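S.K.: Following this line is entry-v9.txt, made up of compact mmCIF, C-alpha atoms:
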```txt
# COMPACT_ATOMS: atom_id res chain seq x y z
CA MET V 161 -33.99 0.20 -26.45
CA GLY V 162 -33.38 -3.16 -28.11
CA LYS V 163 -29.74 -2.48 -28.83
CA HIS V 164 -27.35 -5.41 -28.55
CA VAL V 165 -23.85 -5.25 -27.08
CA VAL V 166 -21.31 -8.08 -27.30
CA VAL V 167 -18.79 -8.22 -24.48
CA ILE V 168 -15.71 -10.35 -25.18
CA GLY V 169 -14.13 -12.05 -22.16
CA ALA V 170 -15.95 -13.04 -18.95
CA GLY V 171 -13.46 -12.14 -16.25
CA PRO V 172 -14.31 -9.48 -13.65
CA ALA V 173 -14.24 -6.73 -16.31
CA GLY V 174 -16.59 -8.56 -18.71
CA LEU V 175 -18.98 -9.62 -15.95
CA GLU V 176 -19.22 -6.13 -14.45
CA THR V 177 -19.53 -4.39 -17.85
CA SER V 178 -22.31 -6.79 -18.87
CA ALA V 179 -24.18 -6.34 -15.59
CA SER V 180 -23.97 -2.55 -15.87
CA LEU V 181 -25.06 -2.53 -19.54
CA ALA V 182 -28.07 -4.71 -18.67
CA LYS V 183 -29.01 -2.36 -15.83
CA ILE V 184 -28.99 0.54 -18.29
CA GLY V 185 -31.34 -1.48 -20.51
CA PHE V 186 -29.29 -3.11 -23.28
CA ASN V 187 -29.34 -6.72 -24.40
CA VAL V 188 -25.94 -8.18 -23.75
CA THR V 189 -24.11 -11.29 -24.90
CA LEU V 190 -21.04 -12.11 -22.85
CA VAL V 191 -18.66 -14.39 -24.78
CA GLU V 192 -16.07 -16.52 -23.01
CA LYS V 193 -13.50 -18.93 -24.47
CA GLU V 194 -13.42 -21.14 -21.37
CA GLU V 195 -16.21 -23.34 -20.02
CA THR V 196 -16.89 -21.10 -17.03
CA THR V 197 -16.82 -17.39 -16.28
CA GLY V 198 -14.57 -15.63 -13.76
CA GLY V 199 -11.18 -15.49 -15.47
CA HIS V 200 -8.09 -15.35 -13.25
CA LEU V 201 -10.22 -14.52 -10.21
CA LYS V 202 -11.41 -18.15 -10.10
CA LYS V 203 -7.97 -19.26 -8.94
CA TRP V 204 -7.19 -16.32 -6.64
CA HIS V 205 -7.35 -16.97 -2.90
CA ALA V 206 -7.67 -13.45 -1.47
CA LEU V 207 -7.64 -9.84 -2.63
CA PHE V 208 -5.60 -6.99 -1.13
CA PRO V 209 -5.69 -4.86 0.94
CA VAL V 210 -8.44 -6.42 3.07
CA LEU V 211 -7.93 -10.14 2.33
CA LEU V 212 -11.35 -10.38 0.67
CA SER V 213 -11.91 -13.96 -0.50
CA GLY V 214 -11.55 -14.23 -4.30
CA HIS V 215 -14.39 -16.74 -4.37
CA GLU V 216 -16.74 -14.37 -2.51
CA ALA V 217 -15.74 -11.43 -4.70
CA LEU V 218 -16.52 -13.42 -7.84
CA GLU V 219 -19.86 -14.62 -6.47
CA THR V 220 -20.90 -11.05 -5.67
CA ILE V 221 -19.88 -9.82 -9.12
CA GLN V 222 -21.79 -12.67 -10.80
CA LYS V 223 -24.92 -11.91 -8.75
CA GLY V 224 -25.09 -8.56 -10.56
CA LEU V 225 -25.95 -10.30 -13.84
CA SER V 226 -29.59 -10.35 -14.93
CA SER V 227 -31.54 -12.31 -17.53
CA ALA V 228 -30.75 -9.56 -20.04
CA VAL V 229 -27.20 -10.96 -20.16
CA LYS V 230 -26.80 -14.05 -22.31
CA ILE V 231 -23.63 -15.97 -21.50
CA GLN V 232 -21.94 -17.76 -24.38
CA THR V 233 -19.12 -19.92 -22.96
CA SER V 234 -16.65 -22.26 -24.70
CA THR V 235 -16.57 -19.91 -27.67
CA LYS V 236 -13.40 -18.53 -29.17
CA ILE V 237 -13.82 -15.47 -31.35
CA THR V 238 -12.57 -16.10 -34.88
CA GLY V 239 -14.21 -13.24 -36.77
CA LEU V 240 -14.90 -9.61 -35.93
CA GLU V 241 -16.13 -7.36 -38.71
CA GLU V 242 -17.59 -3.91 -39.00
CA VAL V 243 -20.56 -3.95 -41.43
CA ASN V 244 -22.19 -0.56 -42.07
CA ASP V 245 -23.49 0.52 -38.65
CA TYR V 246 -23.11 -2.77 -36.81
CA PHE V 247 -20.53 -5.49 -36.10
CA THR V 248 -20.61 -9.20 -36.88
CA VAL V 249 -18.97 -11.40 -34.28
CA THR V 250 -18.23 -15.05 -35.14
CA GLY V 251 -17.11 -17.89 -32.88
CA HIS V 252 -15.04 -20.99 -33.75
CA ASN V 253 -18.10 -23.20 -33.14
CA GLY V 254 -20.30 -21.41 -35.66
CA TRP V 255 -21.87 -19.08 -33.10
CA GLN V 256 -22.59 -15.67 -34.63
CA ALA V 257 -24.11 -12.40 -33.44
CA LYS V 258 -24.87 -8.92 -34.68
CA ALA V 259 -23.77 -6.20 -32.29
CA ASP V 260 -24.41 -2.46 -32.14
CA ALA V 261 -21.33 -2.09 -29.96
CA ILE V 262 -18.48 -4.26 -28.75
CA VAL V 263 -16.61 -4.15 -25.46
CA LEU V 264 -13.22 -5.86 -25.32
CA THR V 265 -12.61 -7.28 -21.84
CA THR V 266 -9.97 -9.82 -22.83
CA GLY V 267 -7.86 -9.28 -19.73
CA PHE V 268 -4.24 -10.21 -19.18
CA GLN V 269 -1.99 -13.23 -19.07
CA LEU V 270 0.55 -13.87 -16.36
CA PHE V 271 4.19 -13.46 -17.29
CA ASP V 272 5.72 -16.89 -17.98
CA ALA V 273 8.43 -16.97 -15.30
CA ARG V 274 10.42 -19.57 -17.28
CA ARG V 275 11.44 -16.70 -19.56
CA LYS V 276 13.56 -15.40 -16.65
CA GLU V 277 15.57 -18.60 -16.78
CA GLU V 278 18.18 -17.35 -14.29
CA TYR V 279 15.49 -17.21 -11.58
CA GLY V 280 15.07 -20.98 -11.79
CA TYR V 281 11.31 -21.39 -12.30
CA GLY V 282 10.63 -24.75 -13.94
CA ILE V 283 14.21 -25.78 -13.08
CA TYR V 284 14.28 -25.73 -9.26
CA GLU V 285 11.27 -27.26 -7.55
CA ASN V 286 11.18 -24.73 -4.72
CA VAL V 287 10.88 -21.71 -6.98
CA ILE V 288 7.18 -20.98 -7.49
CA THR V 289 5.14 -18.02 -8.78
CA SER V 290 2.74 -15.76 -6.93
CA ALA V 291 -0.12 -17.44 -8.84
CA ASP V 292 1.09 -20.89 -7.71
CA LEU V 293 1.16 -19.66 -4.11
CA GLU V 294 -2.35 -18.23 -4.48
CA GLU V 295 -3.63 -21.62 -5.68
CA LEU V 296 -1.85 -23.33 -2.79
CA LEU V 297 -3.43 -20.92 -0.29
CA ALA V 298 -6.86 -21.41 -1.88
CA SER V 299 -6.51 -25.19 -1.64
CA GLY V 300 -6.35 -24.98 2.16
CA LYS V 301 -3.41 -27.40 2.17
CA PRO V 302 -0.52 -26.85 4.60
CA LEU V 303 2.25 -24.60 3.36
CA VAL V 304 5.16 -26.90 2.54
CA ASN V 305 7.77 -26.67 -0.18
CA ARG V 306 8.08 -29.21 -2.96
CA HIS V 307 10.21 -31.41 -0.72
CA GLY V 308 7.38 -31.64 1.82
CA ASN V 309 9.15 -29.45 4.41
CA LYS V 310 7.91 -26.34 6.16
CA PRO V 311 10.20 -23.63 4.78
CA GLU V 312 12.12 -21.78 7.51
CA ARG V 313 12.73 -18.89 5.20
CA ILE V 314 10.59 -17.63 2.34
CA GLY V 315 11.64 -15.03 -0.19
CA PHE V 316 9.44 -12.93 -2.47
CA VAL V 317 10.97 -11.47 -5.62
CA HIS V 318 9.24 -8.34 -6.90
CA CYS V 319 9.02 -7.20 -10.55
CA VAL V 320 9.36 -10.58 -12.29
CA GLY V 321 8.50 -9.88 -15.92
CA SER V 322 7.75 -6.24 -15.14
CA ARG V 323 9.99 -3.19 -15.55
CA ASP V 324 12.45 -5.39 -17.38
CA GLU V 325 13.47 -4.57 -20.91
CA LYS V 326 15.30 -7.89 -21.12
CA VAL V 327 11.88 -9.54 -21.46
CA ASN V 328 10.49 -6.64 -23.46
CA ASN V 329 8.23 -5.43 -20.65
CA LEU V 330 8.91 -1.85 -19.71
CA HIS V 331 5.65 -1.40 -17.82
CA CYS V 332 4.92 -1.74 -14.11
CA SER V 333 2.22 -4.35 -13.41
CA LYS V 334 0.91 -2.24 -10.51
CA VAL V 335 -0.52 -5.03 -8.34
CA CYS V 336 2.53 -7.17 -7.53
CA CYS V 337 4.10 -4.97 -4.80
CA ILE V 338 1.00 -5.00 -2.67
CA THR V 339 0.29 -8.64 -3.56
CA ALA V 340 3.76 -9.58 -2.26
CA VAL V 341 3.05 -7.74 0.99
CA LYS V 342 -0.32 -9.49 1.25
CA GLN V 343 1.11 -12.94 0.50
CA ALA V 344 4.05 -12.37 2.87
CA ILE V 345 1.54 -11.67 5.66
CA GLU V 346 -0.55 -14.74 4.74
CA VAL V 347 2.57 -16.93 4.76
CA LYS V 348 3.67 -15.52 8.10
CA GLN V 349 0.19 -16.20 9.53
CA MET V 350 0.50 -19.83 8.46
CA LEU V 351 4.13 -20.23 9.53
CA PRO V 352 4.78 -17.79 12.40
CA GLU V 353 8.25 -19.25 12.96
CA ALA V 354 9.40 -18.58 9.40
CA GLU V 355 11.47 -15.59 8.32
CA VAL V 356 10.00 -13.75 5.34
CA PHE V 357 11.92 -11.46 2.98
CA CYS V 358 10.85 -9.27 0.08
CA PHE V 359 13.44 -8.32 -2.54
CA TYR V 360 12.38 -5.17 -4.34
CA MET V 361 13.59 -2.38 -6.65
CA ASP V 362 10.98 0.15 -5.54
CA LEU V 363 7.91 -0.40 -3.42
CA ARG V 364 4.89 1.14 -5.10
CA MET V 365 2.31 1.44 -2.34
CA PHE V 366 0.10 3.96 -4.13
CA GLY V 367 -3.36 2.56 -3.37
CA ARG V 368 -5.66 3.31 -0.50
CA HIS V 369 -4.40 1.41 2.61
CA TYR V 370 -1.43 -0.15 0.77
CA GLU V 371 1.11 1.80 2.85
CA GLU V 372 -0.76 0.79 6.01
CA LEU V 373 -0.55 -2.88 5.02
CA TYR V 374 3.16 -2.48 4.26
CA LYS V 375 3.74 -0.95 7.70
CA GLU V 376 1.69 -3.72 9.32
CA ALA V 377 3.88 -6.28 7.53
CA GLN V 378 6.93 -4.75 9.20
CA GLU V 379 5.42 -3.93 12.57
CA LYS V 380 3.25 -6.94 13.27
CA TYR V 381 4.84 -9.66 11.14
CA ASN V 382 8.51 -8.62 11.04
CA ILE V 383 8.66 -9.11 7.28
CA GLN V 384 12.00 -7.82 6.04
CA PHE V 385 12.38 -5.74 2.90
CA ILE V 386 15.73 -5.81 1.12
CA ARG V 387 16.23 -3.32 -1.67
CA GLY V 388 17.93 -5.23 -4.44
CA ARG V 389 16.98 -7.06 -7.58
CA LEU V 390 17.67 -10.79 -7.85
CA SER V 391 20.49 -11.53 -10.27
CA GLU V 392 20.16 -15.30 -10.20
CA SER V 393 19.15 -18.12 -7.92
CA THR V 394 20.85 -21.47 -7.43
CA GLU V 395 19.90 -24.65 -5.64
CA ASP V 396 21.88 -26.40 -2.90
CA GLN V 397 21.99 -30.15 -2.26
CA ASP V 398 18.98 -30.03 0.04
CA GLY V 399 16.79 -28.22 -2.48
CA ASN V 400 17.14 -24.82 -0.80
CA ILE V 401 17.27 -21.80 -3.06
CA ILE V 402 20.29 -19.53 -2.71
CA VAL V 403 19.43 -15.96 -3.55
CA LYS V 404 21.97 -13.36 -4.64
CA VAL V 405 21.09 -9.68 -4.63
CA GLU V 406 22.92 -6.47 -3.98
CA ASP V 407 21.83 -4.91 -0.72
CA THR V 408 21.75 -1.58 -2.51
CA LEU V 409 21.22 0.42 0.68
CA LEU V 410 24.47 -0.94 2.08
CA GLY V 411 26.25 -1.13 -1.25
CA LYS V 412 27.30 -4.76 -0.79
CA PRO V 413 26.37 -8.04 -2.47
CA LEU V 414 24.21 -10.28 -0.26
CA ARG V 415 23.71 -14.04 -0.24
CA ILE V 416 20.81 -15.72 1.55
CA LYS V 417 19.36 -19.23 1.67
CA THR V 418 15.58 -19.68 1.36
CA GLY V 419 13.40 -22.78 1.55
CA LEU V 420 10.87 -21.39 -0.88
CA LEU V 421 11.21 -18.57 -3.39
CA VAL V 422 8.09 -16.88 -4.76
CA LEU V 423 8.33 -14.92 -8.02
CA MET V 424 5.85 -12.03 -8.29
CA VAL V 425 4.84 -12.47 -11.93
CA GLY V 426 3.45 -9.45 -13.74
CA MET V 427 0.68 -8.87 -16.25
CA GLU V 428 1.02 -9.07 -20.03
CA PRO V 429 -1.54 -8.58 -22.79
CA THR V 430 -2.95 -11.91 -23.97
CA ALA V 431 -2.27 -13.39 -27.39
CA LYS V 432 -6.05 -13.15 -27.99
CA THR V 433 -6.04 -9.41 -27.33
CA LYS V 434 -3.22 -8.99 -29.81
CA SER V 435 -5.05 -10.96 -32.52
CA LEU V 436 -8.38 -9.13 -31.98
CA VAL V 437 -6.56 -5.82 -32.14
CA LYS V 438 -5.04 -6.87 -35.44
CA LYS V 439 -8.43 -8.01 -36.83
CA LEU V 440 -10.03 -4.68 -35.98
CA GLY V 441 -7.04 -2.59 -36.99
CA LEU V 442 -6.86 -1.02 -33.53
CA GLN V 443 -3.88 0.77 -32.07
CA GLN V 444 -1.71 -0.86 -29.47
CA VAL V 445 0.74 0.63 -27.08
CA SER V 446 4.26 -0.65 -27.73
CA ASP V 447 3.87 -3.03 -24.77
CA GLY V 448 0.92 -4.77 -26.47
CA PHE V 449 -1.94 -3.45 -24.34
CA ILE V 450 -4.79 -1.71 -26.20
CA GLN V 451 -4.38 2.04 -26.50
CA PRO V 452 -7.56 3.99 -25.73
CA VAL V 453 -8.25 7.04 -27.86
CA ASP V 454 -7.39 9.28 -24.91
CA GLU V 455 -5.91 7.87 -21.72
CA VAL V 456 -7.16 10.68 -19.53
CA LEU V 457 -10.50 11.80 -20.94
CA ARG V 458 -11.83 8.79 -22.89
CA SER V 459 -10.06 5.81 -21.44
CA ASN V 460 -12.76 3.30 -22.49
CA CYS V 461 -12.99 4.42 -26.13
CA THR V 462 -10.92 3.19 -29.03
CA GLU V 463 -10.41 4.97 -32.34
CA ILE V 464 -13.16 2.79 -33.87
CA PRO V 465 -16.59 4.21 -32.86
CA GLY V 466 -18.56 1.39 -31.25
CA VAL V 467 -15.52 -0.56 -29.99
CA PHE V 468 -14.75 -0.08 -26.30
CA VAL V 469 -12.25 -1.45 -23.79
CA ALA V 470 -12.50 -2.26 -20.08
CA GLY V 471 -10.24 -3.90 -17.53
CA THR V 472 -6.70 -5.14 -17.94
CA CYS V 473 -6.67 -5.48 -21.74
CA SER V 474 -5.78 -1.77 -21.76
CA GLY V 475 -3.15 -2.09 -19.00
CA PRO V 476 -2.55 -3.66 -15.57
CA LYS V 477 -5.26 -3.00 -12.97
CA SER V 478 -6.37 -4.29 -9.59
CA VAL V 479 -9.79 -5.95 -9.28
CA ALA V 480 -11.17 -2.76 -7.69
CA ASP V 481 -9.84 -0.62 -10.57
CA THR V 482 -11.12 -3.15 -13.11
CA LEU V 483 -14.65 -3.06 -11.72
CA ALA V 484 -14.70 0.76 -11.73
CA ASP V 485 -13.33 0.76 -15.28
CA ALA V 486 -16.03 -1.73 -16.35
CA ARG V 487 -18.84 0.48 -15.03
CA SER V 488 -17.26 3.45 -16.71
CA ALA V 489 -17.14 1.52 -20.01
CA ALA V 490 -20.86 0.74 -19.75
CA LEU V 491 -21.60 4.48 -19.53
CA ALA V 492 -19.37 5.16 -22.53
CA VAL V 493 -21.30 2.53 -24.52
CA ALA V 494 -24.63 4.04 -23.45
CA ASP V 495 -23.44 7.48 -24.50
CA PHE V 496 -22.50 6.10 -27.94
CA LEU V 497 -25.69 4.07 -28.52
CA LYS V 498 -28.18 6.79 -27.62
CA LYS V 499 -26.94 8.92 -30.52
CA MET L 149 61.72 -27.59 14.42
CA GLU L 150 60.11 -24.36 13.48
CA LYS L 151 57.99 -24.46 10.34
CA LYS L 152 58.71 -21.73 7.93
CA VAL L 153 55.90 -20.40 5.78
CA ILE L 154 57.18 -19.17 2.50
CA ASN L 155 55.98 -15.69 1.76
CA PHE L 156 55.08 -15.54 -1.90
CA GLY L 157 53.92 -11.97 -1.57
CA TYR L 158 50.25 -12.93 -2.06
CA SER L 159 47.34 -13.02 0.35
CA VAL L 160 43.76 -14.20 0.10
CA THR L 161 41.22 -11.42 -0.01
CA ARG L 162 38.09 -12.15 1.94
CA ASP L 163 35.04 -11.34 -0.20
CA ARG L 164 32.88 -8.42 0.86
CA GLN L 165 29.60 -10.27 0.37
CA ILE L 166 27.07 -10.17 3.19
CA ASP L 167 26.69 -13.85 4.08
CA PHE L 168 23.28 -13.75 5.70
CA ASP L 169 23.37 -17.41 6.74
CA ALA L 170 26.78 -17.15 8.38
CA ASN L 171 26.22 -13.81 10.12
CA ASN L 172 25.17 -13.70 13.75
CA ARG L 173 21.94 -11.75 14.00
CA ASP L 174 21.43 -12.13 17.76
CA ILE L 175 22.20 -8.47 18.33
CA CYS L 176 19.33 -7.53 16.04
CA LYS L 177 16.98 -9.83 17.94
CA ILE L 178 18.01 -8.34 21.30
CA VAL L 179 17.62 -4.79 20.00
CA ALA L 180 14.25 -5.54 18.35
CA ALA L 181 12.97 -7.00 21.62
CA ALA L 182 13.96 -3.82 23.48
CA GLU L 183 13.00 -1.38 20.72
CA PRO L 184 10.59 -2.98 18.18
CA THR L 185 10.43 0.16 16.02
CA ILE L 186 13.75 -0.91 14.45
CA ASN L 187 11.55 -3.03 12.14
CA LEU L 188 9.77 0.07 10.84
CA CYS L 189 12.82 1.74 9.31
CA ILE L 190 12.42 2.20 5.55
CA SER L 191 15.95 3.54 4.98
CA CYS L 192 14.77 6.93 3.79
CA GLY L 193 17.86 8.66 5.25
CA THR L 194 16.10 11.59 6.88
CA CYS L 195 17.88 10.77 10.16
CA THR L 196 21.27 10.99 8.50
CA ALA L 197 20.29 14.18 6.69
CA THR L 198 19.54 16.00 9.93
CA CYS L 199 22.39 14.44 11.96
CA SER L 200 25.14 16.78 13.20
CA ALA L 201 27.61 13.90 13.53
CA ALA L 202 26.93 12.90 9.93
CA LEU L 203 27.76 16.42 8.82
CA PHE L 204 31.37 16.12 10.00
CA THR L 205 32.03 12.35 9.97
CA ASP L 206 30.81 9.38 7.90
CA PHE L 207 28.38 8.42 10.67
CA SER L 208 25.04 7.20 9.27
CA LEU L 209 22.26 5.94 11.51
CA ARG L 210 20.39 4.65 8.46
CA GLN L 211 23.37 2.46 7.61
CA ILE L 212 23.92 1.33 11.20
CA ILE L 213 20.31 0.14 11.47
CA LEU L 214 20.75 -1.88 8.26
CA LEU L 215 24.09 -3.33 9.40
CA VAL L 216 22.48 -4.47 12.66
CA ARG L 217 19.59 -6.06 10.74
CA ARG L 218 22.00 -7.95 8.49
CA GLY L 219 24.24 -9.07 11.36
CA GLU L 220 27.21 -7.04 10.07
CA THR L 221 28.19 -5.82 13.53
CA LYS L 222 31.98 -5.81 13.28
CA GLY L 223 33.38 -2.37 14.15
CA LEU L 224 29.94 -1.06 15.00
CA GLU L 225 30.78 -0.22 18.61
CA LYS L 226 33.17 2.53 17.59
CA GLU L 227 30.80 3.73 14.91
CA ILE L 228 27.78 4.08 17.20
CA SER L 229 29.82 6.00 19.80
CA LYS L 230 29.89 8.95 17.38
CA CYS L 231 26.22 9.61 18.18
CA MET L 232 25.72 12.43 20.69
CA LEU L 233 22.14 11.40 21.48
CA CYS L 234 20.75 14.82 20.59
CA GLY L 235 17.57 13.21 19.24
CA LYS L 236 17.08 15.36 16.15
CA CYS L 237 16.70 12.19 14.08
CA GLN L 238 13.71 11.17 16.16
CA LEU L 239 11.96 14.45 15.40
CA VAL L 240 12.24 13.95 11.64
CA CYS L 241 11.63 10.18 11.27
CA PRO L 242 8.50 9.62 9.11
CA ARG L 243 7.94 6.14 10.54
CA ASN L 244 8.22 7.22 14.19
CA VAL L 245 11.22 5.02 14.85
CA SER L 246 12.48 5.65 18.36
CA THR L 247 15.96 6.38 17.02
CA ARG L 248 17.48 7.70 20.24
CA ASN L 249 16.56 4.63 22.24
CA LEU L 250 17.62 2.52 19.29
CA VAL L 251 21.15 3.90 19.49
CA ILE L 252 21.21 3.23 23.24
CA GLN L 253 19.91 -0.33 22.77
CA ILE L 254 22.36 -1.10 19.96
CA SER L 255 25.29 0.13 22.12
CA LYS L 256 24.06 -1.93 25.04
CA ALA L 257 23.58 -5.09 22.98
CA ILE L 258 27.03 -4.80 21.40
CA THR L 259 28.71 -4.19 24.79
CA THR L 260 26.83 -7.15 26.31
CA ALA L 261 27.74 -9.41 23.41
CA ARG L 262 31.41 -8.46 23.76
CA SER L 263 31.61 -9.20 27.49
```
Write the structure described by the file as structure tokens, please.

M.R.:
Amino acid sequence: MGKHVVVIGAGPAGLETSASLAKIGFNVTLVEKEETTGGHLKKWHALFPVLLSGHEALETIQKGLSSAVKIQTSTKITGLEEVNDYFTVTGHNGWQAKADAIVLTTGFQLFDARRKEEYGYGIYENVITSADLEELLASGKPLVNRHGNKPERIGFVHCVGSRDEKVNNLHCSKVCCITAVKQAIEVKQMLPEAEVFCFYMDLRMFGRHYEELYKEAQEKYNIQFIRGRLSESTEDQDGNIIVKVEDTLLGKPLRIKTGLLVLMVGMEPTAKTKSLVKKLGLQQVSDGFIQPVDEVLRSNCTEIPGVFVAGTCSGPKSVADTLADARSAALAVADFLKK
Amino acid sequence: MEKKVINFGYSVTRDRQIDFDANNRDICKIVAAAEPTINLCISCGTCTATCSAALFTDFSLRQIILLVRRGETKGLEKEISKCMLCGKCQLVCPRNVSTRNLVIQISKAITTARS
């Protein structure tokens, strides 16, 4: 066919879209700003609900790539222009390509937990994020808090940077509830003596086997779920984190000491996504994610013919959802280019 | 000489916060050992909705389970005695909590702890 597609962003969405496009028969260039491909998945220890190793998942995804996919790393996109019936894509290092279609797979960025100052991230050493915990688990090091002690009690705070208009994020990040359950189980496996608590507003266990994992967390691991949103945390003299929530099911304020507090940070659109959207004149949803032309029927298409989206740049998704979305985007591109 | 405390007409109000660290949660541990399904309760309230005692008094099994889990067991003995052990709650529980045995085990644990 000889048509050329440029895919921007080499996380799971970009890798899978490129692999699928190549299988259909297109020439693909996959552009990545970092030195290596893989995106956030590179740092992720295990994926819910089956504790699939992040490293293995990434390897399998990357194996799908063929020689028809050219990978252009360490390249930041600076120019994106529609010229007649093709697009010109320019990188900061002088790299340039002509594309018949473009797929935006620019992904998400994690919510910066320091913006929720009252939760103490960046202030108290024993307040960490879910991403920090994931890196710690991946490192294979023993689970100790920043004071070198095995925490006797570990708390997980749901919805940090999600469903919170105070930080201008109305959306639900979808993956944090089940990630908290997964991480709580992993922590309990490492420290069977520890008590583990999840503080939540709602538990959204919508995915296949999520509810089962949640039940397993209660039944097998005695992980305790307290319905209440953290108001603020404080630190005691020994570096423990004092958590204050309302136990909303009892209608009383509750105070509890934890040795380690994990903030479940949500997904936000990246600054890069926002700037590309501006360059192309695309529509955004008010939360900053890219708005497809129709969320139900044409979720990979934008209002510019030839520009497509896949993965989390159009909204929070799990890895499984991202991969399915990427394959779906490849079909949408094929449908467009055969005309 | 007898000390006289001056009554200023004020008293100190104890706060109503659940102090998880100070509370004694042994009763919960004893109950959970005898009836592990206490850990499966998701506080949906179906038990209370079907409960005949709850219809005429402020008895709530959902709340009692939570109070036990938080170690807030003061006054619970009287509260739990309102249950007539009819077992309707067990028929409706979506998580298959053995509610009837739970009530029995909670009563037992509280009585044992008292003596």

S.K.: Show me the residues close to (8.6, 5.5, 11.1) - anything with an atom within 10 Å, counting all atoms listed in the file - and format the list as a list in words.

M.R.: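 Selection result: Lys375 of chain V; Thr185, Ile186, Asn187, Leu188, Cys189, Ile190, Ser191, Cys192, Gln238, Val240, Cys241, Pro242, Arg243, Asn244, Val245, Ser246 and Thr247 of chain L.
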
S.K.: Contacts from chain V to chain L, 6 Å maximum, all atoms listed in the file: show me the residue list as number ranges by chain.

M.R.: V: 378, 413-416

S.K.: What does the distance from atom CA of Glu183 of chain L to atom CA of Asn171 of chain L come to in Å, to one decimal?

M.R.: 21.0 Å

S.K.: Return as JSON the centre and edge lengths, in Å with one decimal, of the box along x, y and z that encloses every atom of segment 219-226 of chain L in the file, padded by 4 Å per side.

M.R.:
```
{"center_x": 28.8, "center_y": -3.3, "center_z": 14.3, "size_x": 17.1, "size_y": 19.6, "size_z": 16.5}
```

S.K.: Identify, on the basis of only C-alpha atoms, every residue whose closest approach to Ser255 of chain L does not exceed 8 Å; exclude the query and any residue fewer than 3 positions from it along the same chain; express the result as a compact mmCIF listing (two decimals) with C-alpha atoms, keeping the file's coordinate frame.

M.R.:
```txt
# COMPACT_ATOMS: atom_id res chain seq x y z
CA GLU L 225 30.78 -0.22 18.61
CA ILE L 228 27.78 4.08 17.20
CA SER L 229 29.82 6.00 19.80
CA VAL L 251 21.15 3.90 19.49
CA ILE L 252 21.21 3.23 23.24
CA ILE L 258 27.03 -4.80 21.40
CA THR L 259 28.71 -4.19 24.79
```

S.K.: Using only C-alpha atoms, which of the listed residues (V:Glu406, V:Glu285, V:Asp324, V:Glu353) sits closest to Pro311 of chain V?

M.R.: V:Glu353

S.K.: Any idea what's packed within 7 Å of segment 296-307 of chain V, counting only C-alpha atoms, ignoring anything in its chain fewer than 4 positions away? Could you give it as a compact mmCIF listing (two decimals) with C-alpha atoms, keeping the file's coordinate frame?

M.R.:
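That gives us result30.txt:
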```
# COMPACT_ATOMS: atom_id res chain seq x y z
CA TRP V 204 -7.19 -16.32 -6.64
CA HIS V 205 -7.35 -16.97 -2.90
CA GLU V 285 11.27 -27.26 -7.55
CA ASN V 286 11.18 -24.73 -4.72
CA ASP V 292 1.09 -20.89 -7.71
CA PRO V 311 10.20 -23.63 4.78
CA LEU V 420 10.87 -21.39 -0.88
```

S.K.: Could you check how far atom CA of Ile231 of chain V sits from atom CA of Glu195 of chain V, in Å to one decimal?

M.R.: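 These atoms are spaced 10.6 Å apart.
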
S.K.: Should you be able to, write segment 188-206 of chain V of this structure into a file that contains C-alpha atoms, as a tab-separated table (two decimals), in the first residue's frame.

M.R.:
```
chain	number	residue	atom	x	y	z
V	188	VAL	CA	4.86	3.11	10.45
V	189	THR	CA	7.13	5.50	12.28
V	190	LEU	CA	6.74	5.43	16.04
V	191	VAL	CA	8.07	8.63	17.63
V	192	GLU	CA	9.08	8.77	21.29
V	193	LYS	CA	10.46	11.69	23.32
V	194	GLU	CA	12.39	9.45	25.72
V	195	GLU	CA	15.41	7.27	24.93
V	196	THR	CA	13.47	4.02	25.25
V	197	THR	CA	9.96	2.81	24.50
V	198	GLY	CA	7.43	1.50	27.04
V	199	GLY	CA	6.14	4.63	28.77
V	200	HIS	CA	4.84	4.26	32.33
V	201	LEU	CA	4.73	0.48	31.98
V	202	LYS	CA	8.55	0.38	32.26
V	203	LYS	CA	8.31	1.29	35.94
V	204	TRP	CA	5.22	-0.75	36.81
V	205	HIS	CA	5.77	-3.90	38.86
V	206	ALA	CA	2.55	-5.86	38.24
```
